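The block underneath contains the structure these notes are about, expressed in structure tokens.
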Amino acid sequence: MTVKQATSLKWILSVLSLAVLAGLSFSRSLTGDEALTVTLAGGSFGNLIRTMSLEIHVPGYHVLLWLWTRAFGNSLAALRVFAFLPVGFLVWMGRRHFPRHGFLVLGASPFLLHLAVELRMYGLMAAAGMGILISLRRLSEGFSRRGFLLLLFFCVAGVWTHHFAWPGVAAACVVLFRGGRKRESIILLLLTLLAFSPWVHNMGRQVHRFDPFGESADFELFQLASPAQRVLGAPFSMLGTLLRFSSGTAAFRFDLFSVKSFSPWAGAGLLLFILSVVSAWLGRKTVGPGAILILAFVLLPLSYLRPGARHFSLAYPVFAALVAAGLDGSGALRRLLRGAIPALSLVLCVPFVLRSTMPQRCTYDRDFREAALVAGTGASLGNGRLVLFLDNFSTMGVLYHLEDEGFSDLVVIHPHQQRFAEEWFIYTEHTDMVSYLLQNTDSLVQQWGAEFHLLANNPRLVRGPTFERMPGLIGIGTDMLADIDLMDCLERHFTVEMIPLPRSQGPFSLFHVSTAVSDE
């Protein structure tokens, strides 16, 4: 076997390793954000574009998923395969222009494993980041029109995937400019802007989402950080991003700042993070032009806007390249890193594979698949009536799993029915999102019938404040808000039995409501 064949085999095994790990996670529940993505992909193309025009994101990923579902259907397995494809492509792209030990870093990356399963645009954005990094490296070896066109393609693909790809485009332009390619730098920027022009208006909405001086109801619902808090929090955001880049998302509970949040998985994650940073430092001079610049351009401004690793995924290939470059060479330290980093990475994939849900942005895990199966079975044995009293994204997640689990004949009642029938799946105003919780609860529960199963956030389990402007609500975030009178009203008119959902946490609860209570 030649050296070239041996190298190709290593990268093939790297892709297969990640594919096996992802395949073990294909059956897990959708999250609320994933549910919106899947719902749009299952609707009309015109509605997809209309929704993206109103939403804060850009449609590139959704358009590709829409085409995929027309060819392969929308079963959970088919959807998860689609999620894996850009990540598998990312790993395969690295075989020629990535540090030679890159297959050790990418083939069992806990962070890439998350992106390879989640039905969101971050895996595609990471693939665009890999393309930008490799294209810049090729251009540094000798400028060519083909190399420039590849760079342009990946820049356009990035900004059509997420607004947060723009810092990477800016870094690519600066690299070209510093390399004496001023004209090409300007052309790259102008052509990327031209391709992105239909979605320029959405960039303002993306920034406004983090505006602490916005509408006061938004501030109450989401507890937006002030500019000073963001400046102080930016270094922690960057450290948290690098921690997740190296150690993945499943080992940590970042909402629990206590000893309870520390576990053996977290200990392994911190060790992997330290070793990865050491390796990245060793490899900082050998990755090629633009690598550090891309990392800085992405992490520095975006860490002010929000804490979160997935949103910075365009920069992940740079971090992985730095780590891989640090593994090359002789010496005891590098030999230790070459053995420990891949081994710990594989270990950190285990907590992700063992989960039934994706690591979620909300405080508590919610297994919509389990809830749909338990509620659907119970309602089918009863009178076939199920009530969903949840936000629109969570409702879409449960509806998808009800259909996927074979409960399409159930009578399902939810507050978004009219909007969904008209293919309006999002609310452009946050106060509109929670309006269903502000109705007269007592009369509402009586409209649901004499017997039904109910999926709702239990206000007695909510962690969070009540609101001055909206006194009927309790909790923080639309996915965790609850109607403060819900349980009192139910118990006044019905017998209420809470049904366990072992894989879900927090206020997300299932009830069997029956046997009307006499008013006497």
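Residue numbering restarts at 1 for every chain of the structure tokens, chains are lettered A, B, ... in their displayed order, and ligands are numbered from 1 as they appear.
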As a PyMOL selection string, please: every residue in region 295-492 of chain A that DSSP puts in strand (DSSP E or B). chain A and resi 385-389+411-413+452-457+466+473-474+482-483
Taking 3 positions as the minimum chain separation for residues in the same chain, which residues sit within 9 Å of Arg366 (chain A) when counting only C-alpha atoms? Answer as a PyMOL selection string. chain A and resi 29+31+357+360+362+369-371+503-506+508
Which is closest to Asp404 (chain A) among A:Gly376, A:Gly382, A:Gly288, A:Gly339, if we use only C-alpha atoms?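 Under the stated criterion, the closest residue is A:Gly376.
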Figure out the distance between CA of Leu106 (chain A) and CA of Lys10 (chain A), please, to one decimal in Å. 11.2 Å
Report as number ranges by chain all protein, DNA and RNA residues lying within 8 Å of region 305-317 of chain A, evaluated on only C-alpha atoms, omitting residues in the same chain fewer than 3 positions from it. A: 115, 122-123, 125-130, 133, 158, 164-165, 168, 207, 210, 230, 234, 237-238, 240-242, 244-245, 294-295, 298-299, 301-302, 320-321
Write to file, as an mmCIF file, in the first residue's frame, the residues of the selection just made, with N, CA and C atoms.
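And here is the file that came out, again07.cif:
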```
data_model
loop_
_atom_site.group_PDB
_atom_site.id
_atom_site.type_symbol
_atom_site.label_atom_id
_atom_site.label_comp_id
_atom_site.auth_asym_id
_atom_site.auth_seq_id
_atom_site.Cartn_x
_atom_site.Cartn_y
_atom_site.Cartn_z
ATOM 1 N N LEU A 115 -23.017 18.132 15.712
ATOM 2 C CA LEU A 115 -23.422 18.752 14.452
ATOM 3 C C LEU A 115 -23.884 17.717 13.436
ATOM 4 N N TYR A 122 -25.807 24.339 11.559
ATOM 5 C CA TYR A 122 -24.451 24.556 12.053
ATOM 6 C C TYR A 122 -23.439 23.567 11.466
ATOM 7 N N GLY A 123 -23.859 22.351 11.144
ATOM 8 C CA GLY A 123 -22.956 21.424 10.482
ATOM 9 C C GLY A 123 -22.571 21.905 9.097
ATOM 10 N N MET A 125 -22.537 25.046 8.181
ATOM 11 C CA MET A 125 -21.686 26.211 8.356
ATOM 12 C C MET A 125 -20.254 25.788 8.694
ATOM 13 N N ALA A 126 -20.098 24.731 9.487
ATOM 14 C CA ALA A 126 -18.756 24.224 9.776
ATOM 15 C C ALA A 126 -18.089 23.710 8.505
ATOM 16 N N ALA A 127 -18.862 23.053 7.642
ATOM 17 C CA ALA A 127 -18.307 22.575 6.367
ATOM 18 C C ALA A 127 -17.856 23.746 5.507
ATOM 19 N N ALA A 128 -18.638 24.836 5.502
ATOM 20 C CA ALA A 128 -18.223 26.036 4.767
ATOM 21 C C ALA A 128 -16.936 26.601 5.358
ATOM 22 N N GLY A 129 -16.820 26.567 6.693
ATOM 23 C CA GLY A 129 -15.588 27.033 7.329
ATOM 24 C C GLY A 129 -14.386 26.196 6.932
ATOM 25 N N MET A 130 -14.568 24.879 6.826
ATOM 26 C CA MET A 130 -13.484 24.019 6.362
ATOM 27 C C MET A 130 -13.108 24.376 4.921
ATOM 28 N N LEU A 133 -11.081 27.622 4.896
ATOM 29 C CA LEU A 133 -9.731 27.385 5.414
ATOM 30 C C LEU A 133 -8.856 26.684 4.374
ATOM 31 N N GLY A 158 -21.455 29.832 3.053
ATOM 32 C CA GLY A 158 -21.479 30.176 4.470
ATOM 33 C C GLY A 158 -22.532 31.213 4.807
ATOM 34 N N PHE A 164 -23.811 34.413 10.846
ATOM 35 C CA PHE A 164 -22.559 34.398 11.596
ATOM 36 C C PHE A 164 -21.383 33.872 10.783
ATOM 37 N N ALA A 165 -21.605 33.600 9.502
ATOM 38 C CA ALA A 165 -20.483 33.259 8.620
ATOM 39 C C ALA A 165 -19.766 34.506 8.106
ATOM 40 N N GLY A 168 -16.094 35.179 8.990
ATOM 41 C CA GLY A 168 -15.169 34.345 8.242
ATOM 42 C C GLY A 168 -14.893 34.891 6.855
ATOM 43 N N VAL A 207 -29.423 40.963 14.806
ATOM 44 C CA VAL A 207 -28.785 41.831 15.805
ATOM 45 C C VAL A 207 -29.817 42.324 16.814
ATOM 46 N N PHE A 210 -30.703 40.505 20.070
ATOM 47 C CA PHE A 210 -29.857 40.607 21.261
ATOM 48 C C PHE A 210 -29.839 42.029 21.820
ATOM 49 N N ARG A 230 -22.288 41.929 28.602
ATOM 50 C CA ARG A 230 -21.766 41.182 27.452
ATOM 51 C C ARG A 230 -20.264 41.356 27.307
ATOM 52 N N ALA A 234 -17.827 38.194 27.496
ATOM 53 C CA ALA A 234 -17.239 37.743 26.232
ATOM 54 C C ALA A 234 -16.078 36.765 26.424
ATOM 55 N N SER A 237 -17.502 33.470 27.170
ATOM 56 C CA SER A 237 -18.124 32.908 25.971
ATOM 57 C C SER A 237 -17.090 32.241 25.079
ATOM 58 N N MET A 238 -15.939 32.901 24.887
ATOM 59 C CA MET A 238 -14.890 32.327 24.046
ATOM 60 C C MET A 238 -14.314 31.065 24.667
ATOM 61 N N GLY A 240 -15.847 29.081 26.770
ATOM 62 C CA GLY A 240 -16.886 28.057 26.669
ATOM 63 C C GLY A 240 -16.984 27.484 25.271
ATOM 64 N N THR A 241 -16.783 28.334 24.268
ATOM 65 C CA THR A 241 -16.816 27.859 22.888
ATOM 66 C C THR A 241 -15.665 26.899 22.616
ATOM 67 N N LEU A 242 -14.457 27.263 23.027
ATOM 68 C CA LEU A 242 -13.311 26.384 22.822
ATOM 69 C C LEU A 242 -13.452 25.093 23.630
ATOM 70 N N ARG A 244 -16.272 23.566 24.250
ATOM 71 C CA ARG A 244 -17.201 22.709 23.511
ATOM 72 C C ARG A 244 -16.599 22.256 22.186
ATOM 73 N N PHE A 245 -15.811 23.120 21.529
ATOM 74 C CA PHE A 245 -15.114 22.686 20.319
ATOM 75 C C PHE A 245 -14.284 21.429 20.594
ATOM 76 N N ILE A 294 -9.156 33.843 11.077
ATOM 77 C CA ILE A 294 -10.542 33.374 11.050
ATOM 78 C C ILE A 294 -11.044 33.128 12.471
ATOM 79 N N LEU A 295 -10.238 32.465 13.280
ATOM 80 C CA LEU A 295 -10.624 32.174 14.654
ATOM 81 C C LEU A 295 -10.901 33.465 15.422
ATOM 82 N N VAL A 298 -14.106 35.401 14.120
ATOM 83 C CA VAL A 298 -15.379 34.781 14.496
ATOM 84 C C VAL A 298 -15.623 34.913 15.991
ATOM 85 N N LEU A 299 -14.628 34.549 16.812
ATOM 86 C CA LEU A 299 -14.857 34.489 18.253
ATOM 87 C C LEU A 299 -14.987 35.860 18.900
ATOM 88 N N PRO A 301 -16.022 39.116 17.864
ATOM 89 C CA PRO A 301 -17.283 39.870 17.808
ATOM 90 C C PRO A 301 -18.498 39.062 18.226
ATOM 91 N N LEU A 302 -18.541 37.773 17.864
ATOM 92 C CA LEU A 302 -19.740 36.993 18.144
ATOM 93 C C LEU A 302 -19.877 36.670 19.624
ATOM 94 N N ALA A 320 -9.678 22.819 15.083
ATOM 95 C CA ALA A 320 -9.286 21.423 14.868
ATOM 96 C C ALA A 320 -7.959 21.329 14.128
ATOM 97 N N ALA A 321 -7.747 22.235 13.156
ATOM 98 C CA ALA A 321 -6.480 22.231 12.411
ATOM 99 C C ALA A 321 -5.311 22.590 13.318
#
```
Identify, on the basis of only C-alpha atoms, every residue whose closest approach to region 281-283 of chain A does not exceed 7 Å; exclude the query and any residue fewer than 3 positions from it along the same chain; express the result as a PDB file with N, CA and C atoms, in the first residue's frame.
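Saved the output as result08.pdb:
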```
ATOM      1  N   VAL A 277      -5.925  22.631  23.932  1.00  0.00           N
ATOM      2  CA  VAL A 277      -5.361  23.984  23.895  1.00  0.00           C
ATOM      3  C   VAL A 277      -3.838  23.927  23.820  1.00  0.00           C
ATOM      4  N   VAL A 278      -3.229  23.023  24.570  1.00  0.00           N
ATOM      5  CA  VAL A 278      -1.771  22.857  24.500  1.00  0.00           C
ATOM      6  C   VAL A 278      -1.352  22.470  23.088  1.00  0.00           C
ATOM      7  N   THR A 286       2.063  26.467  12.102  1.00  0.00           N
ATOM      8  CA  THR A 286       2.187  25.573  10.950  1.00  0.00           C
ATOM      9  C   THR A 286       0.890  25.349  10.185  1.00  0.00           C
ATOM     10  N   VAL A 287      -0.208  25.954  10.612  1.00  0.00           N
ATOM     11  CA  VAL A 287      -1.496  25.690   9.963  1.00  0.00           C
ATOM     12  C   VAL A 287      -1.621  26.407   8.635  1.00  0.00           C
ATOM     13  N   LEU A 322      -5.516  23.544  14.216  1.00  0.00           N
ATOM     14  CA  LEU A 322      -4.456  23.910  15.161  1.00  0.00           C
ATOM     15  C   LEU A 322      -4.109  22.740  16.073  1.00  0.00           C
ATOM     16  N   VAL A 323      -5.155  22.058  16.575  1.00  0.00           N
ATOM     17  CA  VAL A 323      -4.924  20.905  17.451  1.00  0.00           C
ATOM     18  C   VAL A 323      -4.188  19.808  16.686  1.00  0.00           C
ATOM     19  N   ALA A 325      -2.291  20.077  14.040  1.00  0.00           N
ATOM     20  CA  ALA A 325      -0.916  20.477  13.728  1.00  0.00           C
ATOM     21  C   ALA A 325      -0.005  20.285  14.931  1.00  0.00           C
ATOM     22  N   GLY A 326      -0.539  20.487  16.118  1.00  0.00           N
ATOM     23  CA  GLY A 326       0.269  20.315  17.323  1.00  0.00           C
ATOM     24  C   GLY A 326       0.629  18.872  17.612  1.00  0.00           C
TER      25      GLY A 326
END
```
Please return as a VMD selection string: the residues of region 33-258 of chain A that backbone DSSP assigns to helix (DSSP H, G or I). chain A and resid 33 to 42 45 to 54 60 to 72 76 to 97 102 to 106 110 to 117 122 to 141 145 to 159 163 to 178 182 to 208 216 to 222 227 to 247
Nearest to Asp365 (chain A) among A:Gly290, A:Pro502, A:Pro351, A:Gly406, with distances taken over only C-alpha atoms: which residue is it? A:Pro502
Between A:Leu344, A:Leu21, A:Val38, A:Leu64, which residue has the minimum interatomic distance to Val117 (chain A), considering only C-alpha atoms? A:Leu21
Name the residues in contact with Ile426 (chain A) at a cut-off of 12 Å, using only C-alpha atoms, excluding same-chain residues fewer than 6 positions from it; report them as a PDB file with C-alpha atoms, in the first residue's frame.
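Below is the file selection05.pdb, written as the result:
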```pdb
ATOM      1  CA  GLY A  32     -38.019  22.715  19.224  1.00  0.00           C
ATOM      2  CA  ASP A  33     -35.632  24.417  16.800  1.00  0.00           C
ATOM      3  CA  ALA A  35     -39.029  20.859  14.712  1.00  0.00           C
ATOM      4  CA  LEU A  36     -39.359  24.205  12.928  1.00  0.00           C
ATOM      5  CA  THR A  37     -36.697  23.155  10.411  1.00  0.00           C
ATOM      6  CA  THR A  39     -41.884  21.444   9.503  1.00  0.00           C
ATOM      7  CA  LEU A  40     -40.716  24.005   6.941  1.00  0.00           C
ATOM      8  CA  ASN A  47     -43.968  29.082   2.441  1.00  0.00           C
ATOM      9  CA  LEU A  48     -40.390  28.166   3.286  1.00  0.00           C
ATOM     10  CA  ARG A  50     -41.886  33.415   3.051  1.00  0.00           C
ATOM     11  CA  THR A  51     -41.066  32.178   6.548  1.00  0.00           C
ATOM     12  CA  MET A  52     -37.345  32.770   6.090  1.00  0.00           C
ATOM     13  CA  SER A  53     -38.156  36.310   4.978  1.00  0.00           C
ATOM     14  CA  LEU A  54     -39.900  36.867   8.305  1.00  0.00           C
ATOM     15  CA  GLU A  55     -37.504  34.846  10.462  1.00  0.00           C
ATOM     16  CA  ILE A  56     -34.015  35.919  11.480  1.00  0.00           C
ATOM     17  CA  ASP A 391     -45.209  27.111  22.540  1.00  0.00           C
ATOM     18  CA  ASN A 392     -45.329  26.780  18.748  1.00  0.00           C
ATOM     19  CA  PHE A 393     -41.888  25.154  18.350  1.00  0.00           C
ATOM     20  CA  SER A 394     -42.571  22.519  21.029  1.00  0.00           C
ATOM     21  CA  THR A 395     -45.997  21.852  19.511  1.00  0.00           C
ATOM     22  CA  MET A 396     -44.404  21.190  16.124  1.00  0.00           C
ATOM     23  CA  HIS A 416     -51.706  27.300  17.148  1.00  0.00           C
ATOM     24  CA  ARG A 419     -51.939  29.524  12.199  1.00  0.00           C
ATOM     25  CA  PHE A 420     -50.490  26.107  11.342  1.00  0.00           C
ATOM     26  CA  ASP A 432     -47.716  37.166  20.366  1.00  0.00           C
ATOM     27  CA  MET A 433     -45.896  33.890  21.061  1.00  0.00           C
ATOM     28  CA  VAL A 434     -47.246  33.776  24.615  1.00  0.00           C
TER      29      VAL A 434
END
```
Considering only C-alpha atoms, return as a VMD selection string whatever protein or nucleic-acid residues lie within 9 Å of region 445-457 of chain A, sequence-local ones (same chain, fewer than 3 positions apart) excluded. chain A and resid 371 375 to 376 378 to 379 382 to 390 413 440 to 442 460 to 462 479 to 483 486 489 to 490 493 to 494 506 to 516
Write out the residues from the selection above, keeping N, CA and C atoms, as a short mmCIF file (atom, residue, chain, number, x, y, z; two decimals), in the first residue's frame.
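File produced: again.cif:
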```
data_model
loop_
_atom_site.label_atom_id
_atom_site.label_comp_id
_atom_site.auth_asym_id
_atom_site.auth_seq_id
_atom_site.Cartn_x
_atom_site.Cartn_y
_atom_site.Cartn_z
N ALA A 371 -42.73 11.73 24.87
CA ALA A 371 -44.02 12.32 25.23
C ALA A 371 -45.09 11.95 24.21
N ALA A 375 -48.21 9.78 25.42
CA ALA A 375 -49.49 10.48 25.31
C ALA A 375 -50.35 9.86 24.21
N GLY A 376 -49.72 9.52 23.09
CA GLY A 376 -50.48 8.92 21.99
C GLY A 376 -51.07 7.58 22.38
N GLY A 378 -51.77 6.54 25.48
CA GLY A 378 -52.82 6.77 26.47
C GLY A 378 -54.09 7.34 25.87
N ALA A 379 -53.94 8.30 24.97
CA ALA A 379 -55.12 8.90 24.35
C ALA A 379 -55.84 7.90 23.45
N GLY A 382 -57.99 5.81 25.49
CA GLY A 382 -59.11 6.56 26.04
C GLY A 382 -60.06 7.01 24.95
N ASN A 383 -60.35 8.31 24.93
CA ASN A 383 -61.29 8.81 23.92
C ASN A 383 -60.59 9.44 22.72
N GLY A 384 -59.28 9.25 22.64
CA GLY A 384 -58.56 9.71 21.45
C GLY A 384 -58.36 11.20 21.36
N ARG A 385 -58.37 11.89 22.50
CA ARG A 385 -58.24 13.35 22.49
C ARG A 385 -56.95 13.76 23.22
N LEU A 386 -56.13 14.56 22.57
CA LEU A 386 -54.87 15.04 23.15
C LEU A 386 -54.82 16.55 23.02
N VAL A 387 -54.48 17.22 24.12
CA VAL A 387 -54.35 18.68 24.14
C VAL A 387 -52.88 19.02 24.34
N LEU A 388 -52.36 19.87 23.47
CA LEU A 388 -51.00 20.40 23.61
C LEU A 388 -51.11 21.86 23.99
N PHE A 389 -50.60 22.22 25.14
CA PHE A 389 -50.66 23.60 25.62
C PHE A 389 -49.23 24.10 25.77
N LEU A 390 -48.56 24.25 24.61
CA LEU A 390 -47.12 24.53 24.56
C LEU A 390 -46.85 25.63 23.55
N ILE A 413 -55.66 18.95 19.92
CA ILE A 413 -56.08 20.34 20.10
C ILE A 413 -54.88 21.12 20.59
N ASN A 440 -58.52 33.41 29.40
CA ASN A 440 -59.20 33.01 30.63
C ASN A 440 -59.04 31.50 30.81
N THR A 441 -58.17 31.11 31.72
CA THR A 441 -57.79 29.71 31.84
C THR A 441 -58.97 28.84 32.26
N ASP A 442 -59.81 29.33 33.14
CA ASP A 442 -60.91 28.54 33.66
C ASP A 442 -61.87 28.13 32.54
N ARG A 460 -46.35 24.64 38.66
CA ARG A 460 -45.84 24.33 39.99
C ARG A 460 -44.39 23.82 39.96
N LEU A 461 -43.90 23.53 38.76
CA LEU A 461 -42.53 23.05 38.61
C LEU A 461 -41.63 24.08 37.94
N VAL A 462 -42.20 25.21 37.54
CA VAL A 462 -41.43 26.22 36.80
C VAL A 462 -40.45 26.89 37.73
N ASP A 479 -40.22 28.62 25.67
CA ASP A 479 -40.34 27.16 25.76
C ASP A 479 -40.55 26.68 27.19
N MET A 480 -40.41 27.56 28.19
CA MET A 480 -40.53 27.16 29.58
C MET A 480 -41.61 27.93 30.34
N LEU A 481 -42.28 28.85 29.66
CA LEU A 481 -43.33 29.62 30.31
C LEU A 481 -44.54 28.73 30.59
N ALA A 482 -45.27 29.09 31.63
CA ALA A 482 -46.47 28.35 31.99
C ALA A 482 -47.57 29.31 32.39
N ASP A 483 -48.81 28.85 32.25
CA ASP A 483 -49.99 29.58 32.72
C ASP A 483 -50.08 29.36 34.23
N LEU A 486 -53.05 27.29 35.60
CA LEU A 486 -53.45 26.08 34.88
C LEU A 486 -53.84 24.94 35.82
N CYS A 489 -57.08 25.54 37.88
CA CYS A 489 -58.30 25.45 37.08
C CYS A 489 -58.62 24.01 36.71
N LEU A 490 -57.60 23.24 36.37
CA LEU A 490 -57.83 21.83 36.04
C LEU A 490 -58.40 21.08 37.24
N HIS A 493 -62.12 21.46 38.16
CA HIS A 493 -63.15 20.87 37.30
C HIS A 493 -62.94 19.39 37.02
N PHE A 494 -61.74 18.86 37.23
CA PHE A 494 -61.43 17.49 36.80
C PHE A 494 -60.59 16.78 37.86
N GLY A 506 -38.07 19.06 34.35
CA GLY A 506 -38.62 20.40 34.54
C GLY A 506 -40.11 20.47 34.36
N PRO A 507 -40.60 21.60 33.90
CA PRO A 507 -42.04 21.82 33.87
C PRO A 507 -42.78 21.04 32.78
N PHE A 508 -42.07 20.52 31.76
CA PHE A 508 -42.70 19.80 30.66
C PHE A 508 -43.34 18.52 31.20
N SER A 509 -44.67 18.44 31.19
CA SER A 509 -45.38 17.39 31.91
C SER A 509 -46.55 16.85 31.11
N LEU A 510 -46.92 15.60 31.41
CA LEU A 510 -48.08 14.96 30.79
C LEU A 510 -49.10 14.63 31.87
N PHE A 511 -50.37 14.94 31.58
CA PHE A 511 -51.45 14.69 32.53
C PHE A 511 -52.57 13.90 31.85
N HIS A 512 -53.21 13.03 32.62
CA HIS A 512 -54.48 12.43 32.20
C HIS A 512 -55.57 13.15 32.97
N VAL A 513 -56.45 13.81 32.25
CA VAL A 513 -57.50 14.63 32.86
C VAL A 513 -58.83 13.95 32.60
N SER A 514 -59.59 13.66 33.66
CA SER A 514 -60.83 12.89 33.50
C SER A 514 -61.76 13.15 34.67
N THR A 515 -62.94 12.53 34.60
CA THR A 515 -63.92 12.52 35.69
C THR A 515 -64.21 13.93 36.18
N ALA A 516 -65.11 14.59 35.50
CA ALA A 516 -65.45 15.96 35.85
C ALA A 516 -65.89 16.05 37.30
#
```
One decimal, in Å: what's the spacing between CA of Pro500 (chain A) and CA of Glu34 (chain A)?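 Spanning CA of Pro500 (chain A) to CA of Glu34 (chain A) is a straight-line distance of 24.1 Å.
Counting only C-alpha atoms and comparing A:Trp92, A:Tyr364, A:Phe425, A:Trp166, the residue that lies closest to Phe297 (chain A) is A:Trp166.
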